[in-house]
Amino acid sequence: MKNQELAKIFFEIADYLEIDGVSFKPYAYRKVALLLENYKEDVAEIYRNGGLKALEEIPGVGEGIAKGIEEYLKTGRIKHFEDLKNKLPLKVDELLKVEGIGPKKIKTLYQKLGIKDLKDLTKAVKAHKIAPLFGFGEKTEKNIVQGLEFLKQNKGRFLLGDIMPTVKEIINSLKKQKEIKEISVAGSVRRQKETIGDIDILVVSENSKKTADFFVNLPEVKKVWAEGLTKCSVRLKMGFDVDLRMVKKESFGSALQYFTGSKEHNIATRKIAITKGLKLSEYGIFKGNKQIAGKTEEDVYNVLGLSYIAPELREDDGEIKAALNGFLPILVELKDIKGDLHCHSKPDEARHSNNAEKLIEEIAQKAIDLEYEYIGISDHTKFLKIDDGLDEKGLLKQHEIIEEINNKLKKQGIKFIILHGCEANILNDGSIDIKDEVLEKLDYVIAGVHSSMKMGQKEMTDRIVKAMQNPNVDIISHPTGRLINEREEYQMDFEKILEVAKETGTVLEINATPKRLDLNGFNIRRAKAKGIKMIINTDSHQKEHLSFMEYGVGQARRGWAEKGDIINTLSVEKLLDYFK
DNA sequence: GCCGTTTTCGGCCCGACTGTTTTCAGTCG
């Protein structure tokens, strides 16, 4: 899609304009770039169908940007952008990543020292050329050194699922402190973003000094950046930073709203405040000097004339309008989930063990502890030899084992059932690696791509379409194949996949494994818009992984999914009915 | 450059902190 390419260009144009001291235009370009990054329709398609006029229908796109898009689609470049680059031949995006330097400093550094990229900058600080510059100084130079150092060792953002257990531990430790009256995590963790930069925790404390001391001395803490009565910053042993912010009781709601973000959502809410003659900040909503709201988030939204917006929706992507009109979805919740259908019973370390029955019983017990009504065993199949995939014979044997365990549970009077499925392989030609007469005997069939992931768009689309058209295939696992920070999505026509899923009633998986989260929020929203049913599965390879469910639910919520969109909120009878 | 239940022109989010200044610009979240 040209969307991403254009988004990148518009972000860079915004940076260049900012360096050039142009005001307001950067804001306009960034807004469009942000929108295009995740825009559901291909701009090339929009232009083909409706020309410039259609482009201007896109929110944030006016005459100027529409012409820019047209020029790029026709010639592959935008003259305005090329001119800016020629005027200031810098690696802007690279330099902006250095903490402490922004557009203005970049311009000075280029004009006075000819610094064009990180390499030049590193050389300049080593030669102590920065400090003597007008408007700079010793401290600034030192900060740049630190910024460069951090950039070098910074491995990028952390996976939500990797940091969440630690965050919960810290919150629980803090909750036990008597002087803490209110506590919540904020930031992108609260919005359930798939990757996280750092953590913000908000508290109301009756004894800030005591709370601060307790926090910086937690066993998870490796290094303390700052300790104060309103803010403490630490780095954890795991490598990410946590800020504890202590706020006043009467501002807790507005502070939580502010620190939860997103930034774009905050800007939008503040603009609404302005139209009502009010001012919204992290301290509250003010009419003149008088605070009229701020104790709870609900108050903040209500005073703005909005219904309460769940944190997962706060991306300025339509939620404000929906809240104004009372059209917000009632999002699916973890407690709505009645079972998990993607569980492997052959954990890596026990791949060749003979106690299959015991392993399945353990998974079932874990699911019972989670108050599920059912669990589905879905091991890999024979094409994946390295994963000890089951062949037809193995699947039938497993079927008997599961039946036995179910009988045992029944005798014990436990109202819980183990369903039997598999995660079969979609081969290159779209066929399934297990015979249909065996697939038919299973309660359900998941099919997924596990090989030849780099095939071309048409081939891959045809391959998955053919699998969905197999009447025995109920669910497509991790539909796009992406691995966060590791691997891109398959090349495929996702719109086409969605259409065929709708036609065939195929369920698309929301895979809750932290590095997958596939479908992600964006694609979930596209699928929902088409009326496609989804299922949230953990793809667990050991029983502890069943707890990944919360991250899948988080993505579903980011994708505006409601209970009715997710089939594992159904009772087992209705679920099996659906598969039929 | 975009946009309009305040405007087709005149606006465009808010506050804290830092480091450089001597009242403030730049950066960050």
# chains A, B, ... in the order shown; residues from 1 in each chain; ligands from 1

$ interface_residues --of "chain B" --to "chain A" --cutoff "8 Å" --atoms "only C-alpha atoms (C1' of nucleotides)" --output "PDB file with N, CA and C atoms (P, O5', C5', C4', C3', O3' and C1' of nucleotides), in the first residue's frame"
ATOM      1  P    DG B   1       1.008  24.336   1.899  1.00  0.00           P
ATOM      2  O5'  DG B   1       0.294  23.720   3.216  1.00  0.00           O
ATOM      3  C5'  DG B   1       0.477  22.353   3.509  1.00  0.00           C
ATOM      4  C4'  DG B   1      -0.767  21.808   4.187  1.00  0.00           C
ATOM      5  C3'  DG B   1      -2.059  22.042   3.422  1.00  0.00           C
ATOM      6  O3'  DG B   1      -2.860  20.882   3.627  1.00  0.00           O
ATOM      7  C1'  DG B   1      -2.176  23.179   5.504  1.00  0.00           C
ATOM      8  P    DC B   2      -4.371  20.791   3.110  1.00  0.00           P
ATOM      9  O5'  DC B   2      -5.166  20.969   4.482  1.00  0.00           O
ATOM     10  C5'  DC B   2      -4.886  20.087   5.552  1.00  0.00           C
ATOM     11  C4'  DC B   2      -5.874  20.319   6.679  1.00  0.00           C
ATOM     12  C3'  DC B   2      -7.330  20.396   6.214  1.00  0.00           C
ATOM     13  O3'  DC B   2      -8.120  19.587   7.066  1.00  0.00           O
ATOM     14  C1'  DC B   2      -6.742  22.374   7.414  1.00  0.00           C
ATOM     15  P    DT B   6     -20.101  26.023  18.738  1.00  0.00           P
ATOM     16  O5'  DT B   6     -18.770  26.680  18.125  1.00  0.00           O
ATOM     17  C5'  DT B   6     -18.799  27.280  16.834  1.00  0.00           C
ATOM     18  C4'  DT B   6     -19.285  28.716  16.911  1.00  0.00           C
ATOM     19  C3'  DT B   6     -18.826  29.581  15.737  1.00  0.00           C
ATOM     20  O3'  DT B   6     -19.896  29.686  14.798  1.00  0.00           O
ATOM     21  C1'  DT B   6     -18.205  30.587  17.838  1.00  0.00           C
ATOM     22  P    DC B  12      -5.745  29.234  19.100  1.00  0.00           P
ATOM     23  O5'  DC B  12      -5.433  27.846  18.390  1.00  0.00           O
ATOM     24  C5'  DC B  12      -6.424  26.803  18.410  1.00  0.00           C
ATOM     25  C4'  DC B  12      -5.984  25.715  17.484  1.00  0.00           C
ATOM     26  C3'  DC B  12      -4.669  25.047  17.915  1.00  0.00           C
ATOM     27  O3'  DC B  12      -4.864  23.658  18.014  1.00  0.00           O
ATOM     28  C1'  DC B  12      -4.583  25.655  15.633  1.00  0.00           C
ATOM     29  P    DC B  13      -4.094  22.807  19.128  1.00  0.00           P
ATOM     30  O5'  DC B  13      -4.660  23.351  20.503  1.00  0.00           O
ATOM     31  C5'  DC B  13      -5.849  22.804  21.024  1.00  0.00           C
ATOM     32  C4'  DC B  13      -5.652  22.501  22.482  1.00  0.00           C
ATOM     33  C3'  DC B  13      -4.997  23.643  23.257  1.00  0.00           C
ATOM     34  O3'  DC B  13      -5.657  23.745  24.517  1.00  0.00           O
ATOM     35  C1'  DC B  13      -3.715  21.677  23.506  1.00  0.00           C
ATOM     36  P    DC B  14      -5.334  24.864  25.533  1.00  0.00           P
ATOM     37  O5'  DC B  14      -4.339  24.124  26.524  1.00  0.00           O
ATOM     38  C5'  DC B  14      -4.859  23.203  27.488  1.00  0.00           C
ATOM     39  C4'  DC B  14      -3.721  22.756  28.369  1.00  0.00           C
ATOM     40  C3'  DC B  14      -2.955  23.911  29.024  1.00  0.00           C
ATOM     41  O3'  DC B  14      -3.142  23.798  30.428  1.00  0.00           O
ATOM     42  C1'  DC B  14      -1.481  22.275  28.109  1.00  0.00           C
ATOM     43  P    DG B  15      -2.633  24.910  31.407  1.00  0.00           P
ATOM     44  O5'  DG B  15      -1.324  24.240  32.001  1.00  0.00           O
ATOM     45  C5'  DG B  15      -1.434  23.001  32.679  1.00  0.00           C
ATOM     46  C4'  DG B  15      -0.057  22.429  32.879  1.00  0.00           C
ATOM     47  C3'  DG B  15       0.909  23.383  33.600  1.00  0.00           C
ATOM     48  O3'  DG B  15       1.377  22.704  34.743  1.00  0.00           O
ATOM     49  C1'  DG B  15       1.912  22.440  31.651  1.00  0.00           C
ATOM     50  P    DG B  19      19.616  20.425  32.732  1.00  0.00           P
ATOM     51  O5'  DG B  19      20.045  21.670  31.858  1.00  0.00           O
ATOM     52  C5'  DG B  19      19.879  21.606  30.454  1.00  0.00           C
ATOM     53  C4'  DG B  19      20.062  22.987  29.871  1.00  0.00           C
ATOM     54  C3'  DG B  19      21.287  23.727  30.409  1.00  0.00           C
ATOM     55  O3'  DG B  19      21.935  24.345  29.313  1.00  0.00           O
ATOM     56  C1'  DG B  19      19.369  25.057  30.681  1.00  0.00           C
ATOM     57  P    DT B  20      23.360  24.851  29.443  1.00  0.00           P
ATOM     58  O5'  DT B  20      23.169  26.378  29.028  1.00  0.00           O
ATOM     59  C5'  DT B  20      22.669  26.691  27.740  1.00  0.00           C
ATOM     60  C4'  DT B  20      21.767  27.877  27.816  1.00  0.00           C
ATOM     61  C3'  DT B  20      22.442  29.167  28.241  1.00  0.00           C
ATOM     62  O3'  DT B  20      22.996  29.814  27.106  1.00  0.00           O
ATOM     63  C1'  DT B  20      20.253  28.938  29.198  1.00  0.00           C
ATOM     64  P    DG B  26      13.611  28.624  20.083  1.00  0.00           P
ATOM     65  O5'  DG B  26      13.754  27.201  20.766  1.00  0.00           O
ATOM     66  C5'  DG B  26      15.004  26.840  21.345  1.00  0.00           C
ATOM     67  C4'  DG B  26      14.843  25.511  22.024  1.00  0.00           C
ATOM     68  C3'  DG B  26      14.091  24.463  21.194  1.00  0.00           C
ATOM     69  O3'  DG B  26      14.940  23.341  21.105  1.00  0.00           O
ATOM     70  C1'  DG B  26      13.223  24.573  23.417  1.00  0.00           C
ATOM     71  P    DT B  27      14.509  22.046  20.304  1.00  0.00           P
ATOM     72  O5'  DT B  27      13.915  21.100  21.434  1.00  0.00           O
ATOM     73  C5'  DT B  27      14.749  20.705  22.519  1.00  0.00           C
ATOM     74  C4'  DT B  27      13.941  19.885  23.492  1.00  0.00           C
ATOM     75  C3'  DT B  27      13.081  18.794  22.844  1.00  0.00           C
ATOM     76  O3'  DT B  27      13.561  17.532  23.280  1.00  0.00           O
ATOM     77  C1'  DT B  27      11.871  19.996  24.511  1.00  0.00           C
TER      78       DT B  27
END

$ select_by_dssp --residues "range 106-337 of chain A" --states "alpha helix (DSSP H)" --output "ChimeraX atom specification"
/A:106-113,118-126,138-153,160-175,187-190,208-216,252-260,263-275,297-303,319-325

$ select_by_dssp --residues "range 384-579 of chain A" --states "strand (DSSP E or B)" --output "PyMOL selection string"
chain A and resi 390+417-426+432+446-448+475-476+483+487+507-511+518+534-537+540+562+566

$ write_last_selection --atoms "C-alpha atoms" --output "short mmCIF file (atom, residue, chain, number, x, y, z; two decimals), in the first residue's frame"
data_model
loop_
_atom_site.label_atom_id
_atom_site.label_comp_id
_atom_site.auth_asym_id
_atom_site.auth_seq_id
_atom_site.Cartn_x
_atom_site.Cartn_y
_atom_site.Cartn_z
CA LEU A 390 0.14 -35.53 14.77
CA ILE A 417 -15.71 -30.32 28.72
CA ILE A 418 -12.57 -30.77 26.67
CA LEU A 419 -13.09 -30.22 22.96
CA HIS A 420 -10.86 -31.84 20.39
CA GLY A 421 -9.45 -29.97 17.46
CA CYS A 422 -6.12 -29.49 15.78
CA GLU A 423 -4.06 -26.73 14.26
CA ALA A 424 -3.57 -28.10 10.79
CA ASN A 425 -1.24 -26.68 8.18
CA ILE A 426 -2.31 -24.78 5.11
CA ILE A 432 -4.84 -29.10 4.43
CA ILE A 446 -7.99 -24.55 13.13
CA ALA A 447 -5.85 -24.04 10.03
CA GLY A 448 -2.78 -21.86 9.82
CA ILE A 475 -10.84 -21.08 12.26
CA ILE A 476 -7.78 -19.45 10.71
CA LEU A 483 5.64 -11.34 14.81
CA ARG A 487 8.54 -10.50 11.12
CA VAL A 507 -13.76 -17.50 12.15
CA LEU A 508 -10.60 -15.41 12.35
CA GLU A 509 -8.38 -15.87 15.36
CA ILE A 510 -7.21 -13.15 17.69
CA ASN A 511 -4.04 -14.87 18.82
CA ASP A 518 -2.71 -11.31 15.48
CA MET A 534 -13.58 -13.85 15.74
CA ILE A 535 -12.21 -16.03 18.52
CA ILE A 536 -9.64 -15.07 21.14
CA ASN A 537 -7.16 -17.92 21.66
CA SER A 540 -0.55 -21.85 24.61
CA GLU A 562 -18.16 -6.55 21.51
CA ILE A 566 -16.25 -13.13 19.76
#

$ residues_around --residues "Lys222 in chain A" --least-positions-apart "6" --cutoff "8 Å" --atoms "only C-alpha atoms (C1' of nucleotides)" --output "list of chain:residue names"
A:Val234, A:Arg235, A:Leu236, A:Lys237

$ write_last_selection --atoms "C-alpha atoms" --output "PDB file, in the first residue's frame"
ATOM      1  CA  VAL A 234      13.297   4.314  38.334  1.00  0.00           C
ATOM      2  CA  ARG A 235      14.705   1.716  35.979  1.00  0.00           C
ATOM      3  CA  LEU A 236      13.742  -1.865  36.738  1.00  0.00           C
ATOM      4  CA  LYS A 237      16.058  -4.861  36.568  1.00  0.00           C
TER       5      LYS A 237
END

$ residues_around --residues "Asp243 in chain A" --least-positions-apart "4" --cutoff "12 Å" --atoms "only C-alpha atoms (C1' of nucleotides)" --output "ChimeraX atom specification"
/A:167,170,185-187,197-203,212,215-216,221,224-228,230-236,259 /B:29

$ write_last_selection --atoms "N, CA and C atoms (P, O5', C5', C4', C3', O3' and C1' of nucleotides)" --output "compact mmCIF listing (two decimals), in the first residue's frame"
# COMPACT_ATOMS: atom_id res chain seq x y z
N VAL A 167 4.60 -5.38 36.15
CA VAL A 167 3.78 -4.22 36.48
C VAL A 167 2.73 -4.59 37.53
N ILE A 170 4.25 -4.88 40.99
CA ILE A 170 4.53 -3.57 41.60
C ILE A 170 3.25 -2.92 42.11
N VAL A 185 -2.50 2.09 36.96
CA VAL A 185 -1.49 2.22 35.92
C VAL A 185 -2.09 3.12 34.85
N ALA A 186 -1.28 3.90 34.17
CA ALA A 186 -1.78 4.78 33.11
C ALA A 186 -1.02 4.46 31.81
N GLY A 187 -0.92 5.41 30.93
CA GLY A 187 -0.10 5.27 29.73
C GLY A 187 -0.55 4.16 28.78
N GLY A 197 6.71 1.70 25.79
CA GLY A 197 7.97 2.41 25.98
C GLY A 197 8.34 2.46 27.45
N ASP A 198 7.51 3.09 28.26
CA ASP A 198 7.74 3.06 29.71
C ASP A 198 6.41 3.07 30.43
N ILE A 199 6.49 2.95 31.75
CA ILE A 199 5.28 2.73 32.55
C ILE A 199 5.00 3.95 33.41
N ASP A 200 3.75 4.35 33.49
CA ASP A 200 3.32 5.39 34.42
C ASP A 200 2.36 4.79 35.42
N ILE A 201 2.65 5.01 36.70
CA ILE A 201 1.72 4.59 37.75
C ILE A 201 1.30 5.83 38.52
N LEU A 202 -0.01 5.96 38.73
CA LEU A 202 -0.56 7.12 39.44
C LEU A 202 -1.08 6.70 40.80
N VAL A 203 -0.76 7.48 41.83
CA VAL A 203 -1.33 7.19 43.15
C VAL A 203 -1.78 8.48 43.82
N ALA A 212 7.10 7.32 48.35
CA ALA A 212 8.27 7.45 47.47
C ALA A 212 9.39 6.53 47.94
N PHE A 215 8.56 2.94 47.18
CA PHE A 215 8.62 2.65 45.74
C PHE A 215 10.06 2.47 45.25
N VAL A 216 10.95 3.39 45.61
CA VAL A 216 12.31 3.32 45.06
C VAL A 216 13.10 2.15 45.68
N VAL A 221 13.52 -2.81 41.51
CA VAL A 221 14.19 -1.59 41.06
C VAL A 221 15.70 -1.78 41.01
N VAL A 224 17.69 4.35 40.53
CA VAL A 224 16.74 5.44 40.79
C VAL A 224 17.22 6.69 40.05
N TRP A 225 16.38 7.19 39.14
CA TRP A 225 16.75 8.41 38.40
C TRP A 225 16.42 9.65 39.23
N ALA A 226 15.26 9.59 39.89
CA ALA A 226 14.82 10.77 40.64
C ALA A 226 13.82 10.35 41.70
N GLU A 227 13.91 10.99 42.87
CA GLU A 227 12.92 10.73 43.92
C GLU A 227 12.42 12.07 44.43
N GLY A 228 11.09 12.23 44.43
CA GLY A 228 10.53 13.49 44.91
C GLY A 228 9.17 13.26 45.51
N THR A 230 6.31 14.44 44.19
CA THR A 230 5.26 14.30 43.18
C THR A 230 5.62 13.25 42.12
N LYS A 231 6.92 12.97 41.98
CA LYS A 231 7.31 12.03 40.93
C LYS A 231 8.59 11.28 41.31
N CYS A 232 8.57 9.96 41.12
CA CYS A 232 9.78 9.14 41.26
C CYS A 232 10.00 8.40 39.96
N SER A 233 11.24 8.39 39.49
CA SER A 233 11.56 7.67 38.26
C SER A 233 12.61 6.62 38.55
N VAL A 234 12.33 5.40 38.11
CA VAL A 234 13.30 4.31 38.33
C VAL A 234 13.45 3.48 37.08
N ARG A 235 14.57 2.76 37.00
CA ARG A 235 14.71 1.72 35.98
C ARG A 235 14.65 0.38 36.68
N LEU A 236 13.87 -0.54 36.13
CA LEU A 236 13.74 -1.86 36.74
C LEU A 236 14.85 -2.79 36.24
N PHE A 259 -2.58 11.18 31.82
CA PHE A 259 -1.42 10.28 31.68
C PHE A 259 -1.76 9.00 30.93
P DG B 29 9.66 12.06 26.30
O5' DG B 29 8.24 12.15 27.02
C5' DG B 29 8.16 12.45 28.41
C4' DG B 29 6.71 12.71 28.75
C3' DG B 29 5.75 11.68 28.15
O3' DG B 29 4.81 11.28 29.13
C1' DG B 29 5.06 13.87 27.59

$ atom_distance --atom1 "CA of Lys112 in chain A" --atom2 "CA of Asp93 in chain A"
19.6 Å

$ atom_distance --atom1 "CA of Tyr490 in chain A" --atom2 "CA of His450 in chain A"
11.0 Å

$ atom_distance --atom1 "CA of Leu148 in chain A" --atom2 "CA of Pro219 in chain A"
28.7 Å

$ residues_around --residues "Ala44 in chain A" --least-positions-apart "4" --cutoff "10 Å" --atoms "only C-alpha atoms (C1' of nucleotides)" --output "number ranges by chain"
A: 1-3, 48-49, 51, 55, 69-70, 72-74

$ write_last_selection --atoms "N, CA, C and O atoms" --output "PDB file, in the first residue's frame"
ATOM      1  N   MET A   1       0.835  -1.204   0.000  1.00  0.00           N
ATOM      2  CA  MET A   1       0.000   0.000   0.000  1.00  0.00           C
ATOM      3  C   MET A   1       0.872   1.258   0.000  1.00  0.00           C
ATOM      4  O   MET A   1       1.892   1.337   0.672  1.00  0.00           O
ATOM      5  N   LYS A   2       0.390   2.247  -0.756  1.00  0.00           N
ATOM      6  CA  LYS A   2       1.100   3.524  -0.808  1.00  0.00           C
ATOM      7  C   LYS A   2       0.890   4.304   0.496  1.00  0.00           C
ATOM      8  O   LYS A   2       1.617   5.260   0.765  1.00  0.00           O
ATOM      9  N   ASN A   3      -0.138   3.910   1.258  1.00  0.00           N
ATOM     10  CA  ASN A   3      -0.470   4.672   2.472  1.00  0.00           C
ATOM     11  C   ASN A   3       0.731   4.854   3.382  1.00  0.00           C
ATOM     12  O   ASN A   3       1.028   5.956   3.829  1.00  0.00           O
ATOM     13  N   ARG A  48      -7.847   6.470  -7.801  1.00  0.00           N
ATOM     14  CA  ARG A  48      -8.276   5.848  -9.063  1.00  0.00           C
ATOM     15  C   ARG A  48      -9.779   6.012  -9.248  1.00  0.00           C
ATOM     16  O   ARG A  48     -10.261   6.310 -10.334  1.00  0.00           O
ATOM     17  N   ASN A  49     -10.517   5.827  -8.165  1.00  0.00           N
ATOM     18  CA  ASN A  49     -11.976   5.846  -8.272  1.00  0.00           C
ATOM     19  C   ASN A  49     -12.582   7.248  -8.292  1.00  0.00           C
ATOM     20  O   ASN A  49     -13.615   7.465  -8.924  1.00  0.00           O
ATOM     21  N   GLY A  51     -10.447  10.460  -7.966  1.00  0.00           N
ATOM     22  CA  GLY A  51      -9.565  11.591  -8.242  1.00  0.00           C
ATOM     23  C   GLY A  51      -9.314  12.467  -7.027  1.00  0.00           C
ATOM     24  O   GLY A  51      -9.494  12.046  -5.879  1.00  0.00           O
ATOM     25  N   LEU A  55      -9.894  12.260  -2.685  1.00  0.00           N
ATOM     26  CA  LEU A  55      -8.804  12.362  -1.718  1.00  0.00           C
ATOM     27  C   LEU A  55      -9.137  13.401  -0.647  1.00  0.00           C
ATOM     28  O   LEU A  55      -8.864  13.213   0.533  1.00  0.00           O
ATOM     29  N   ILE A  69      -0.431  13.974  -2.727  1.00  0.00           N
ATOM     30  CA  ILE A  69      -0.689  12.537  -2.892  1.00  0.00           C
ATOM     31  C   ILE A  69      -0.757  12.199  -4.382  1.00  0.00           C
ATOM     32  O   ILE A  69      -0.161  11.230  -4.850  1.00  0.00           O
ATOM     33  N   GLU A  70      -1.476  13.032  -5.116  1.00  0.00           N
ATOM     34  CA  GLU A  70      -1.607  12.802  -6.559  1.00  0.00           C
ATOM     35  C   GLU A  70      -0.229  12.775  -7.234  1.00  0.00           C
ATOM     36  O   GLU A  70       0.083  11.864  -8.009  1.00  0.00           O
ATOM     37  N   TYR A  72       2.620  12.109  -5.916  1.00  0.00           N
ATOM     38  CA  TYR A  72       3.379  10.925  -5.522  1.00  0.00           C
ATOM     39  C   TYR A  72       2.890   9.686  -6.275  1.00  0.00           C
ATOM     40  O   TYR A  72       3.684   8.855  -6.725  1.00  0.00           O
ATOM     41  N   LEU A  73       1.586   9.567  -6.416  1.00  0.00           N
ATOM     42  CA  LEU A  73       1.027   8.401  -7.111  1.00  0.00           C
ATOM     43  C   LEU A  73       1.431   8.408  -8.583  1.00  0.00           C
ATOM     44  O   LEU A  73       1.670   7.350  -9.175  1.00  0.00           O
ATOM     45  N   LYS A  74       1.523   9.601  -9.156  1.00  0.00           N
ATOM     46  CA  LYS A  74       1.847   9.697 -10.583  1.00  0.00           C
ATOM     47  C   LYS A  74       3.342   9.582 -10.849  1.00  0.00           C
ATOM     48  O   LYS A  74       3.750   8.952 -11.817  1.00  0.00           O
TER      49      LYS A  74
END

$ decode --residues "range 484-553 of chain A" --atoms "C-alpha atoms" --output "PDB file, in the first residue's frame"
ATOM      1  CA  ILE A 484       6.034  -8.031  16.626  1.00  0.00           C
ATOM      2  CA  ASN A 485       9.541  -6.575  16.060  1.00  0.00           C
ATOM      3  CA  GLU A 486      10.551  -9.752  14.218  1.00  0.00           C
ATOM      4  CA  ARG A 487       8.544 -10.496  11.124  1.00  0.00           C
ATOM      5  CA  GLU A 488       6.208  -8.626   8.783  1.00  0.00           C
ATOM      6  CA  GLU A 489       2.729  -9.775   7.850  1.00  0.00           C
ATOM      7  CA  TYR A 490       2.371 -12.178   4.935  1.00  0.00           C
ATOM      8  CA  GLN A 491       1.978 -10.504   1.576  1.00  0.00           C
ATOM      9  CA  MET A 492      -1.733 -10.890   0.938  1.00  0.00           C
ATOM     10  CA  ASP A 493      -4.917  -9.113   0.003  1.00  0.00           C
ATOM     11  CA  PHE A 494      -6.447  -8.874   3.440  1.00  0.00           C
ATOM     12  CA  GLU A 495      -9.661  -7.300   2.159  1.00  0.00           C
ATOM     13  CA  LYS A 496     -10.166 -10.359  -0.023  1.00  0.00           C
ATOM     14  CA  ILE A 497      -9.458 -12.649   2.950  1.00  0.00           C
ATOM     15  CA  LEU A 498     -12.099 -10.771   4.937  1.00  0.00           C
ATOM     16  CA  GLU A 499     -14.643 -11.099   2.149  1.00  0.00           C
ATOM     17  CA  VAL A 500     -14.153 -14.845   1.875  1.00  0.00           C
ATOM     18  CA  ALA A 501     -14.218 -15.246   5.660  1.00  0.00           C
ATOM     19  CA  LYS A 502     -17.607 -13.526   5.605  1.00  0.00           C
ATOM     20  CA  GLU A 503     -18.875 -15.722   2.738  1.00  0.00           C
ATOM     21  CA  THR A 504     -17.734 -18.994   4.273  1.00  0.00           C
ATOM     22  CA  GLY A 505     -18.436 -18.133   7.913  1.00  0.00           C
ATOM     23  CA  THR A 506     -14.799 -18.801   8.747  1.00  0.00           C
ATOM     24  CA  VAL A 507     -13.756 -17.500  12.154  1.00  0.00           C
ATOM     25  CA  LEU A 508     -10.595 -15.409  12.355  1.00  0.00           C
ATOM     26  CA  GLU A 509      -8.381 -15.867  15.357  1.00  0.00           C
ATOM     27  CA  ILE A 510      -7.206 -13.149  17.689  1.00  0.00           C
ATOM     28  CA  ASN A 511      -4.037 -14.870  18.819  1.00  0.00           C
ATOM     29  CA  ALA A 512      -3.156 -13.656  22.316  1.00  0.00           C
ATOM     30  CA  THR A 513       0.496 -14.722  22.416  1.00  0.00           C
ATOM     31  CA  PRO A 514       2.383 -11.510  23.332  1.00  0.00           C
ATOM     32  CA  LYS A 515       4.617 -11.422  20.281  1.00  0.00           C
ATOM     33  CA  ARG A 516       1.763 -12.240  17.922  1.00  0.00           C
ATOM     34  CA  LEU A 517      -1.409 -10.346  18.888  1.00  0.00           C
ATOM     35  CA  ASP A 518      -2.706 -11.305  15.484  1.00  0.00           C
ATOM     36  CA  LEU A 519      -5.230 -10.088  14.474  1.00  0.00           C
ATOM     37  CA  ASN A 520      -4.245  -6.789  16.042  1.00  0.00           C
ATOM     38  CA  GLY A 521      -6.656  -4.045  17.065  1.00  0.00           C
ATOM     39  CA  PHE A 522      -6.633  -2.382  13.656  1.00  0.00           C
ATOM     40  CA  ASN A 523      -7.466  -5.566  11.751  1.00  0.00           C
ATOM     41  CA  ILE A 524     -10.024  -6.615  14.359  1.00  0.00           C
ATOM     42  CA  ARG A 525     -11.872  -3.391  13.677  1.00  0.00           C
ATOM     43  CA  ARG A 526     -11.830  -4.084   9.941  1.00  0.00           C
ATOM     44  CA  ALA A 527     -13.134  -7.601  10.504  1.00  0.00           C
ATOM     45  CA  LYS A 528     -15.859  -6.393  12.852  1.00  0.00           C
ATOM     46  CA  ALA A 529     -16.959  -3.805  10.304  1.00  0.00           C
ATOM     47  CA  LYS A 530     -17.554  -6.657   7.858  1.00  0.00           C
ATOM     48  CA  GLY A 531     -19.510  -8.661  10.435  1.00  0.00           C
ATOM     49  CA  ILE A 532     -16.916 -11.396  10.707  1.00  0.00           C
ATOM     50  CA  LYS A 533     -16.822 -13.538  13.855  1.00  0.00           C
ATOM     51  CA  MET A 534     -13.581 -13.852  15.740  1.00  0.00           C
ATOM     52  CA  ILE A 535     -12.212 -16.032  18.519  1.00  0.00           C
ATOM     53  CA  ILE A 536      -9.643 -15.073  21.142  1.00  0.00           C
ATOM     54  CA  ASN A 537      -7.165 -17.918  21.658  1.00  0.00           C
ATOM     55  CA  THR A 538      -3.903 -18.091  23.566  1.00  0.00           C
ATOM     56  CA  ASP A 539      -2.015 -20.574  21.334  1.00  0.00           C
ATOM     57  CA  SER A 540      -0.548 -21.854  24.607  1.00  0.00           C
ATOM     58  CA  HIS A 541       2.329 -24.281  24.455  1.00  0.00           C
ATOM     59  CA  GLN A 542       2.320 -24.825  28.217  1.00  0.00           C
ATOM     60  CA  LYS A 543      -0.504 -24.469  30.690  1.00  0.00           C
ATOM     61  CA  GLU A 544       0.848 -21.214  32.134  1.00  0.00           C
ATOM     62  CA  HIS A 545       0.265 -19.593  28.744  1.00  0.00           C
ATOM     63  CA  LEU A 546      -3.497 -19.810  29.239  1.00  0.00           C
ATOM     64  CA  SER A 547      -3.146 -16.517  31.125  1.00  0.00           C
ATOM     65  CA  PHE A 548      -2.244 -14.726  27.868  1.00  0.00           C
ATOM     66  CA  MET A 549      -5.982 -14.430  27.274  1.00  0.00           C
ATOM     67  CA  GLU A 550      -6.039 -10.919  28.772  1.00  0.00           C
ATOM     68  CA  TYR A 551      -3.766  -9.573  26.020  1.00  0.00           C
ATOM     69  CA  GLY A 552      -6.031 -10.987  23.325  1.00  0.00           C
ATOM     70  CA  VAL A 553      -9.012  -9.397  25.024  1.00  0.00           C
TER      71      VAL A 553
END
